[in-house]
>>> print(open('coords_9.csv').read())   # CSV, C-alpha atoms
chain,number,residue,atom,x,y,z
W,1,MET,CA,-11.1,-39.8,-13.7
W,2,ASP,CA,-14.7,-38.9,-12.7
W,3,GLN,CA,-16.0,-36.8,-9.8
W,4,MET,CA,-16.1,-39.8,-7.5
W,5,THR,CA,-12.4,-40.6,-7.9
W,6,MET,CA,-11.1,-37.1,-8.1
W,7,PRO,CA,-9.0,-36.1,-5.1
W,8,ALA,CA,-10.6,-33.6,-2.7
W,9,LEU,CA,-9.2,-30.1,-2.4
W,10,ARG,CA,-7.9,-29.7,1.1
W,11,ARG,CA,-8.3,-26.0,1.6
W,12,GLU,CA,-11.4,-25.1,-0.4
W,13,ILE,CA,-13.1,-21.8,0.5
W,14,GLN,CA,-16.9,-22.0,0.3
W,15,ASP,CA,-18.0,-18.6,1.5
W,16,LEU,CA,-18.0,-15.5,-0.7
W,17,ALA,CA,-17.1,-13.1,2.2
W,18,GLN,CA,-14.3,-15.4,3.3
W,19,ALA,CA,-12.9,-15.4,-0.3
W,20,ALA,CA,-13.1,-11.6,-0.5
W,21,ASP,CA,-11.1,-11.5,2.8
W,22,HIS,CA,-8.5,-13.8,1.4
W,23,ILE,CA,-8.2,-11.7,-1.8
W,24,ARG,CA,-7.7,-8.5,0.3
W,25,ARG,CA,-4.8,-10.1,2.2
W,26,ALA,CA,-3.2,-11.9,-0.7
W,27,ASN,CA,0.0,-10.8,-2.4
W,28,ARG,CA,0.0,-13.4,-5.1
W,29,ILE,CA,-3.1,-14.8,-6.7
W,30,LEU,CA,-3.5,-17.5,-9.4
W,31,VAL,CA,-6.7,-17.2,-11.4
W,32,MET,CA,-7.5,-20.2,-13.6
W,33,GLY,CA,-10.4,-21.8,-15.5
W,34,CYS,CA,-11.7,-22.6,-18.9
W,35,SER,CA,-11.4,-20.2,-21.8
W,36,GLY,CA,-14.3,-17.8,-22.0
W,37,GLY,CA,-15.2,-18.0,-18.4
W,38,GLY,CA,-14.0,-14.5,-17.5
W,39,LYS,CA,-10.7,-15.1,-15.7
W,40,SER,CA,-8.9,-12.3,-17.5
W,41,THR,CA,-11.6,-9.7,-16.8
W,42,LEU,CA,-11.7,-10.8,-13.1
W,43,SER,CA,-7.9,-10.7,-12.9
W,44,LEU,CA,-7.7,-7.2,-14.3
W,45,LYS,CA,-10.3,-5.9,-11.9
W,46,ILE,CA,-8.7,-7.4,-8.9
W,47,ALA,CA,-5.3,-6.2,-10.1
W,48,ALA,CA,-6.6,-2.6,-10.5
W,49,ARG,CA,-8.4,-2.7,-7.1
W,50,PHE,CA,-5.4,-3.9,-5.1
W,51,GLY,CA,-2.4,-2.7,-7.0
W,52,LEU,CA,-1.2,-6.2,-8.1
W,53,ASP,CA,0.9,-6.7,-11.2
W,54,TYR,CA,-1.2,-8.5,-13.8
W,55,VAL,CA,0.5,-11.4,-15.6
W,56,SER,CA,-1.3,-13.1,-18.4
W,57,ILE,CA,0.0,-16.5,-19.3
W,58,ASP,CA,-1.4,-16.1,-22.8
W,59,ARG,CA,0.2,-12.7,-23.4
W,60,ASP,CA,3.4,-12.8,-21.3
W,61,VAL,CA,4.4,-16.5,-21.5
W,62,LEU,CA,2.7,-18.7,-24.1
W,63,TRP,CA,2.2,-16.9,-27.3
W,64,LEU,CA,4.4,-15.1,-29.8
W,65,PRO,CA,3.0,-13.0,-32.7
W,66,GLY,CA,1.0,-15.0,-35.3
W,67,TRP,CA,-0.2,-17.6,-32.7
W,68,LEU,CA,3.2,-19.2,-32.5
W,69,GLN,CA,4.0,-20.9,-29.1
W,70,ARG,CA,7.2,-20.3,-27.2
W,71,GLY,CA,9.2,-23.4,-26.4
W,72,LYS,CA,8.4,-25.1,-23.1
W,73,ASP,CA,11.8,-24.3,-21.6
W,74,GLU,CA,11.4,-20.6,-22.4
W,75,GLN,CA,7.9,-20.6,-21.0
W,76,ARG,CA,9.1,-22.1,-17.7
W,77,ALA,CA,12.0,-19.6,-17.5
W,78,ILE,CA,9.6,-16.7,-17.9
W,79,ILE,CA,7.2,-18.1,-15.3
W,80,VAL,CA,10.1,-18.6,-12.8
W,81,SER,CA,11.0,-14.9,-13.3
W,82,LYS,CA,7.4,-13.7,-13.0
W,83,VAL,CA,6.5,-15.6,-9.8
W,84,GLN,CA,9.5,-14.0,-8.0
W,85,GLY,CA,7.6,-10.8,-7.9
W,86,ASP,CA,6.2,-9.7,-4.6
W,87,ARG,CA,2.7,-8.8,-5.6
W,88,TRP,CA,0.9,-10.3,-8.7
W,89,ILE,CA,-2.2,-11.8,-10.1
W,90,MET,CA,-1.6,-14.5,-12.7
W,91,ASP,CA,-4.2,-15.5,-15.2
W,92,GLY,CA,-3.7,-19.0,-16.7
W,93,THR,CA,-4.6,-22.6,-16.0
W,94,ASN,CA,-2.0,-25.0,-17.4
W,95,PRO,CA,-1.2,-27.5,-14.6
W,96,SER,CA,2.2,-28.4,-16.1
W,97,THR,CA,3.6,-25.2,-14.4
W,98,PHE,CA,1.8,-25.6,-11.1
W,99,ASP,CA,5.1,-26.8,-9.6
W,100,ILE,CA,6.5,-23.3,-10.2
W,101,ARG,CA,3.4,-21.2,-9.6
W,102,LEU,CA,1.6,-22.8,-6.6
W,103,PRO,CA,4.5,-22.6,-4.1
W,104,ARG,CA,4.5,-18.8,-4.6
W,105,THR,CA,0.6,-18.5,-4.6
W,106,ASP,CA,-1.4,-17.2,-1.6
W,107,LEU,CA,-4.8,-18.0,-3.2
W,108,VAL,CA,-6.2,-19.8,-6.2
W,109,ILE,CA,-9.5,-18.4,-7.7
W,110,TRP,CA,-11.0,-21.1,-10.0
W,111,VAL,CA,-13.4,-19.5,-12.5
W,112,ARG,CA,-15.4,-22.7,-13.1
W,113,MET,CA,-18.3,-21.5,-15.2
W,114,PRO,CA,-20.8,-23.8,-17.0
W,115,ARG,CA,-19.6,-24.7,-20.5
W,116,LEU,CA,-22.4,-22.8,-22.3
W,117,ILE,CA,-21.3,-19.7,-20.4
W,118,CYS,CA,-17.7,-20.2,-21.5
W,119,ILE,CA,-18.8,-20.8,-25.1
W,120,TRP,CA,-20.9,-17.6,-25.0
W,121,GLY,CA,-17.9,-15.8,-23.4
W,122,ALA,CA,-15.5,-16.9,-26.1
W,123,VAL,CA,-17.9,-16.1,-29.0
W,124,SER,CA,-18.9,-12.7,-27.7
W,125,ARG,CA,-15.3,-11.9,-27.1
W,126,TRP,CA,-14.5,-12.8,-30.7
W,127,VAL,CA,-17.3,-10.6,-32.0
W,128,LYS,CA,-16.0,-7.7,-29.9
W,129,TRP,CA,-12.4,-8.1,-30.9
W,130,VAL,CA,-12.7,-9.5,-34.5
W,131,GLY,CA,-9.7,-8.6,-36.5
W,132,ARG,CA,-7.9,-7.2,-33.5
W,133,THR,CA,-5.8,-8.3,-30.6
W,134,ARG,CA,-7.3,-8.0,-27.1
W,135,PRO,CA,-5.1,-6.5,-24.4
W,136,GLU,CA,-4.8,-9.8,-22.5
W,137,MET,CA,-3.3,-11.6,-25.6
W,138,ALA,CA,0.1,-11.4,-27.1
W,139,PRO,CA,0.6,-8.8,-29.9
W,140,GLY,CA,-0.1,-10.1,-33.3
W,141,CYS,CA,-2.6,-12.7,-32.1
W,142,ASN,CA,-5.8,-11.5,-33.5
W,143,GLU,CA,-8.9,-12.9,-31.7
W,144,LYS,CA,-10.2,-16.1,-33.3
W,145,VAL,CA,-12.7,-18.8,-32.7
W,146,ASP,CA,-12.6,-22.2,-34.5
W,147,TRP,CA,-14.2,-25.6,-34.0
W,148,GLU,CA,-11.1,-27.0,-32.2
W,149,PHE,CA,-11.2,-24.1,-29.7
W,150,LEU,CA,-15.0,-24.6,-29.1
W,151,ARG,CA,-14.5,-28.3,-28.7
W,152,PHE,CA,-11.7,-27.6,-26.1
W,153,ILE,CA,-14.2,-25.5,-24.2
W,154,TRP,CA,-17.0,-28.0,-24.5
W,155,THR,CA,-14.8,-30.9,-23.2
W,156,PHE,CA,-12.8,-28.9,-20.7
W,157,GLU,CA,-14.6,-30.1,-17.6
W,158,GLU,CA,-14.3,-33.8,-18.3
W,159,LYS,CA,-10.8,-33.8,-20.0
W,160,PHE,CA,-8.9,-31.0,-18.2
W,161,THR,CA,-10.4,-30.6,-14.8
W,162,PRO,CA,-9.1,-33.9,-13.4
W,163,ARG,CA,-5.5,-32.7,-14.2
W,164,VAL,CA,-6.2,-29.4,-12.6
W,165,VAL,CA,-7.5,-30.9,-9.4
W,166,SER,CA,-4.6,-33.4,-9.2
W,167,GLY,CA,-2.1,-30.6,-9.8
W,168,LEU,CA,-3.7,-28.5,-7.1
W,169,VAL,CA,-3.7,-31.4,-4.6
W,170,GLU,CA,-0.1,-32.4,-5.5
W,171,GLN,CA,1.6,-29.0,-5.9
W,172,GLY,CA,-0.4,-26.7,-3.7
W,173,PRO,CA,-2.2,-28.8,-1.0
W,174,ASP,CA,-2.1,-25.9,1.5
W,175,VAL,CA,-3.1,-23.1,-1.0
W,176,PRO,CA,-6.7,-22.0,-0.4
W,177,VAL,CA,-8.9,-22.5,-3.5
W,178,PHE,CA,-12.1,-20.6,-4.2
W,179,GLN,CA,-14.4,-21.6,-7.0
W,180,LEU,CA,-16.6,-19.1,-8.8
W,181,ASN,CA,-19.5,-21.0,-10.5
W,182,SER,CA,-21.7,-18.2,-11.9
W,183,ARG,CA,-21.6,-14.7,-13.3
W,184,ARG,CA,-23.8,-13.6,-10.4
W,185,GLN,CA,-21.3,-15.0,-7.9
W,186,MET,CA,-18.5,-13.2,-9.7
W,187,ARG,CA,-20.4,-9.9,-9.6
W,188,GLU,CA,-21.1,-10.3,-5.9
W,189,LEU,CA,-17.5,-11.0,-5.2
W,190,LEU,CA,-16.4,-7.9,-7.1
W,191,ASP,CA,-19.1,-5.8,-5.3
W,192,LEU,CA,-17.6,-7.0,-1.9
W,193,LEU,CA,-14.1,-6.2,-3.0
W,194,ALA,CA,-15.2,-2.7,-4.3
W,195,ALA,CA,-16.8,-2.0,-0.9
W,196,SER,CA,-13.8,-3.0,1.1
W,197,ALA,CA,-11.7,-0.3,2.7
>>> encode(input="coords_9.csv", output="structure tokens")
Amino acid sequence: MDQMTMPALRREIQDLAQAADHIRRANRILVMGCSGGGKSTLSLKIAARFGLDYVSIDRDVLWLPGWLQRGKDEQRAIIVSKVQGDRWIMDGTNPSTFDIRLPRTDLVIWVRMPRLICIWGAVSRWVKWVGRTRPEMAPGCNEKVDWEFLRFIWTFEEKFTPRVVSGLVEQGPDVPVFQLNSRRQMRELLDLLAASA
């Protein structure tokens, strides 16, 4: 599915100030995007600023120590439990659980950075955390980068984005979506949120 045949998002937010206003009023926010794009960092900053519970799909749902994945049924059960909370920000992209997450979501922030930025983010994160587990990851999952992961990032836009867009249109047609496309735009958004009363 290419850009021409991809369904349009019905409630896309274009303006940075409008997005900041939505974030200020939201109780439940889904932050998604390619690995290395900065979604965890953004989520943690918004969580701290507005007192939202931070839920990491990687840490809280998907991974067990040693990079073992939980079973799909257990993952879904955990997500069902997490989305029942009153105020949260959830960091994770997988569209297979949009049917659970989007009906409880007030706003989607799509961190949609260029792939070279995502590659740089993943590699620099690995350098920072080499041999250790970063806080957004499950215990016992030391930071790693391999060719398969880099290939996933490099092909994310063409292979994964059509599924994301279809899932948003199908499972959350009335949920506002704001796309962040640069580090500068992310900094400007955080500045607006820091300045808010």
>>> atom_distance(input="coords_9.csv", atom1="atom CA of Gln84 of chain W", atom2="atom CA of Arg104 of chain W")
7.7 Å
>>> residues_around(input="coords_9.csv", residues="segment 46-51 of chain W", least_positions_apart="6", cutoff="8 Å", atoms="all atoms listed in the file", output="PyMOL selection string")
chain W and resi 24+88-89+190+193-194
>>> closest_residue(input="coords_9.csv", among="W:Arg59, W:Lys159, W:Arg112, W:Arg134", to="Gly37 of chain W", atoms="all atoms listed in the file")
W:Arg112
>>> residues_around(input="coords_9.csv", residues="Arg151 of chain W", least_positions_apart="5", cutoff="10 Å", atoms="only C-alpha atoms", output="number ranges by chain")
W: 119, 146, 156
>>> residues_around(input="coords_9.csv", residues="Gly92 of chain W", least_positions_apart="3", cutoff="9 Å", atoms="only C-alpha atoms", output="NGL selection string")
:W and (30-33 or 39-40 or 55-58)
>>> write_last_selection(input="coords_9.csv", atoms="C-alpha atoms", output="CSV table (one decimal), keeping the file's coordinate frame")
chain,number,residue,atom,x,y,z
W,30,LEU,CA,-3.5,-17.5,-9.4
W,31,VAL,CA,-6.7,-17.2,-11.4
W,32,MET,CA,-7.5,-20.2,-13.6
W,33,GLY,CA,-10.4,-21.8,-15.5
W,39,LYS,CA,-10.7,-15.1,-15.7
W,40,SER,CA,-8.9,-12.3,-17.5
W,55,VAL,CA,0.5,-11.4,-15.6
W,56,SER,CA,-1.3,-13.1,-18.4
W,57,ILE,CA,0.0,-16.5,-19.3
W,58,ASP,CA,-1.4,-16.1,-22.8
>>> atom_distance(input="coords_9.csv", atom1="atom CA of Arg101 of chain W", atom2="atom CA of Leu116 of chain W")
28.8 Å
>>> residues_around(input="coords_9.csv", residues="segment 170-173 of chain W", least_positions_apart="5", cutoff="9 Å", atoms="all atoms listed in the file", output="PyMOL selection string")
chain W and resi 9-11+98-103+105+165
